[in-house]
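One structure is given below, encoded as structure tokens.
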Amino acid sequence: MDVQIEASWKEALKSEFSKPYFLEIVTHIKTEKMSGKTIYPPGPLMFNAFNQTPFSKVSVVILGQDPYHNPGQAHGLSFSVPNGIKPPPSLVNIYKEIKSDIGVPMPVEYGNLTRWAEQGVLLLNAILTVRANEPASHQKIGWMNFTDAVIQKISDEKSGVVFLLWGKFAQDKQILIDETKHLLLKAAHPSPFSADKGFFGCRHFSKANDYLVQQGKQPIDWKLLTP
């Protein structure tokens, strides 16, 4: 199958694309679309996280669960929304922590995190698609086999990557990561239901940059430039 994904990722993950589980994902999504279901994000944005952040550039991974399920929100980057869409509550809390941690004021009406992705922040959802208005509806169609392989590949073939694991779902992925060669930063999820249980005050953004500098890498400029 001709997967439309950035070249370095296509090479790194080539063995996954021919596995039965991946072909089943493709069949499942095609079948749902043919039955009239709306799937988010739109097809060209399904692998947006990979297309914005080539394998060679990955220095930070922010792991989300599945895409936003409301119209216009999902564009293939975890926690991010396209221009013109107001930041959802979890992203608002991420902005609050950035302001508290490093003193950078974040935009109230702008939630597009592409600028982070372009600097090497892989904004990876563990599940890459969702049916409209049905959260976690594609949780069991095979995507986690694929994204687990992505995490494993980063762990095995790179060093000095920061993994931001927010909430139990993301933290369950730590078994895939070699902690002797990467930094794992764990906290509560930034959702309004849990942010005050350890996300606020985690200082992950300054800690990530301190580590990257120690590794001789470029720190992330977390500031967002609104259009």
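Just remember, in the structure tokens the first chain shown is A, the second B, etc., residues are 1-based per chain, and ligands are 1-based in the order shown.
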
How close does range 21-105 of chain A get to range 121-131 of chain A? List, as CSV, each residue of range 21-105 of chain A within 9 Å, its nearest atom pair and the distance in Å to one decimal, counting only C-alpha atoms.
residue,atom,partner,partner_atom,distance
A:Ile29,CA,A:Thr129,CA,8.6
A:Glu32,CA,A:Arg131,CA,8.7
A:Lys37,CA,A:Arg131,CA,6.9
A:Thr38,CA,A:Arg131,CA,5.9
A:Ile39,CA,A:Arg131,CA,4.7
A:Tyr40,CA,A:Val130,CA,5.4
A:Pro41,CA,A:Thr129,CA,6.2
A:Pro42,CA,A:Thr129,CA,8.8
A:Met46,CA,A:Leu128,CA,6.4
A:Phe47,CA,A:Leu128,CA,7.7
A:Ala49,CA,A:Leu123,CA,5.7
A:Phe50,CA,A:Leu122,CA,7.3
A:Gln52,CA,A:Leu122,CA,8.1
A:Thr53,CA,A:Leu122,CA,5.9
A:Pro54,CA,A:Leu122,CA,8.6
A:Phe55,CA,A:Leu122,CA,8.9
A:Lys57,CA,A:Val121,CA,8.2
A:Val58,CA,A:Val121,CA,6.1
A:Ser59,CA,A:Val121,CA,6.2
A:Val60,CA,A:Val121,CA,4.6
A:Val61,CA,A:Leu122,CA,4.7
A:Ile62,CA,A:Leu123,CA,5.1
A:Leu63,CA,A:Leu124,CA,5.1
A:Gly64,CA,A:Asn125,CA,4.4
A:Gln65,CA,A:Asn125,CA,5.1
A:Asp66,CA,A:Ile127,CA,4.7
A:Pro67,CA,A:Thr129,CA,6.1
A:Tyr68,CA,A:Val130,CA,7.7
A:His69,CA,A:Val130,CA,6.3
A:Ala74,CA,A:Thr129,CA,9.0
A:Gly76,CA,A:Leu128,CA,7.1
A:Leu77,CA,A:Leu123,CA,5.0
A:Ser78,CA,A:Leu123,CA,4.8
A:Phe79,CA,A:Leu123,CA,7.6
A:Ser80,CA,A:Leu123,CA,8.2

Output as a tab-separated table one row per residue of range 52-158 of chain A within 9 Å of range 184-197 of chain A: the closest atom pair and its distance in Å to one decimal place, counting only C-alpha atoms, sorted by chain and residue number ascending.
residue	atom	partner	partner_atom	distance
A:Pro89	CA	A:Ser191	CA	6.6
A:Ser90	CA	A:Ser191	CA	4.5
A:Leu91	CA	A:Pro190	CA	7.4
A:Val92	CA	A:Pro190	CA	8.6
A:Asn93	CA	A:Pro190	CA	5.8
A:Ile94	CA	A:Pro190	CA	6.3

Write a file of the just-selected residues containing N, CA, C and O atoms, as a PDB file, in the first residue's frame.
ATOM      1  N   PRO A  89      -9.807  22.515  26.296  1.00  0.00           N
ATOM      2  CA  PRO A  89      -9.411  22.687  27.702  1.00  0.00           C
ATOM      3  C   PRO A  89      -8.038  22.119  28.065  1.00  0.00           C
ATOM      4  O   PRO A  89      -7.286  22.763  28.811  1.00  0.00           O
ATOM      5  N   SER A  90      -7.681  20.943  27.557  1.00  0.00           N
ATOM      6  CA  SER A  90      -6.368  20.376  27.908  1.00  0.00           C
ATOM      7  C   SER A  90      -5.240  21.258  27.394  1.00  0.00           C
ATOM      8  O   SER A  90      -4.221  21.457  28.076  1.00  0.00           O
ATOM      9  N   LEU A  91      -5.409  21.798  26.198  1.00  0.00           N
ATOM     10  CA  LEU A  91      -4.382  22.671  25.630  1.00  0.00           C
ATOM     11  C   LEU A  91      -4.301  23.986  26.407  1.00  0.00           C
ATOM     12  O   LEU A  91      -3.212  24.525  26.621  1.00  0.00           O
ATOM     13  N   VAL A  92      -5.436  24.481  26.842  1.00  0.00           N
ATOM     14  CA  VAL A  92      -5.439  25.689  27.682  1.00  0.00           C
ATOM     15  C   VAL A  92      -4.597  25.455  28.932  1.00  0.00           C
ATOM     16  O   VAL A  92      -3.802  26.310  29.346  1.00  0.00           O
ATOM     17  N   ASN A  93      -4.727  24.266  29.524  1.00  0.00           N
ATOM     18  CA  ASN A  93      -3.947  23.956  30.725  1.00  0.00           C
ATOM     19  C   ASN A  93      -2.465  23.775  30.410  1.00  0.00           C
ATOM     20  O   ASN A  93      -1.603  24.127  31.220  1.00  0.00           O
ATOM     21  N   ILE A  94      -2.150  23.233  29.235  1.00  0.00           N
ATOM     22  CA  ILE A  94      -0.748  23.154  28.803  1.00  0.00           C
ATOM     23  C   ILE A  94      -0.167  24.567  28.697  1.00  0.00           C
ATOM     24  O   ILE A  94       0.953  24.832  29.154  1.00  0.00           O
TER      25      ILE A  94
END

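Here CA of Val161 in chain A and CA of Tyr211 in chain A stand 8.9 Å from one another.
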
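One finds CA of Pro227 in chain A at 27.5 Å from CA of Ser56 in chain A.
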
Taking the chain letters and numbering used in this document, name the residues of range 28-223 of chain A that DSSP puts in strand (DSSP E or B), as a PyMOL selection string. chain A and resi 39-40+60-64+121-125+130-131+134+162-166+183-187

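Across the model, the gap from CA of Trp222 in chain A to CA of Ser159 in chain A is 21.5 Å.
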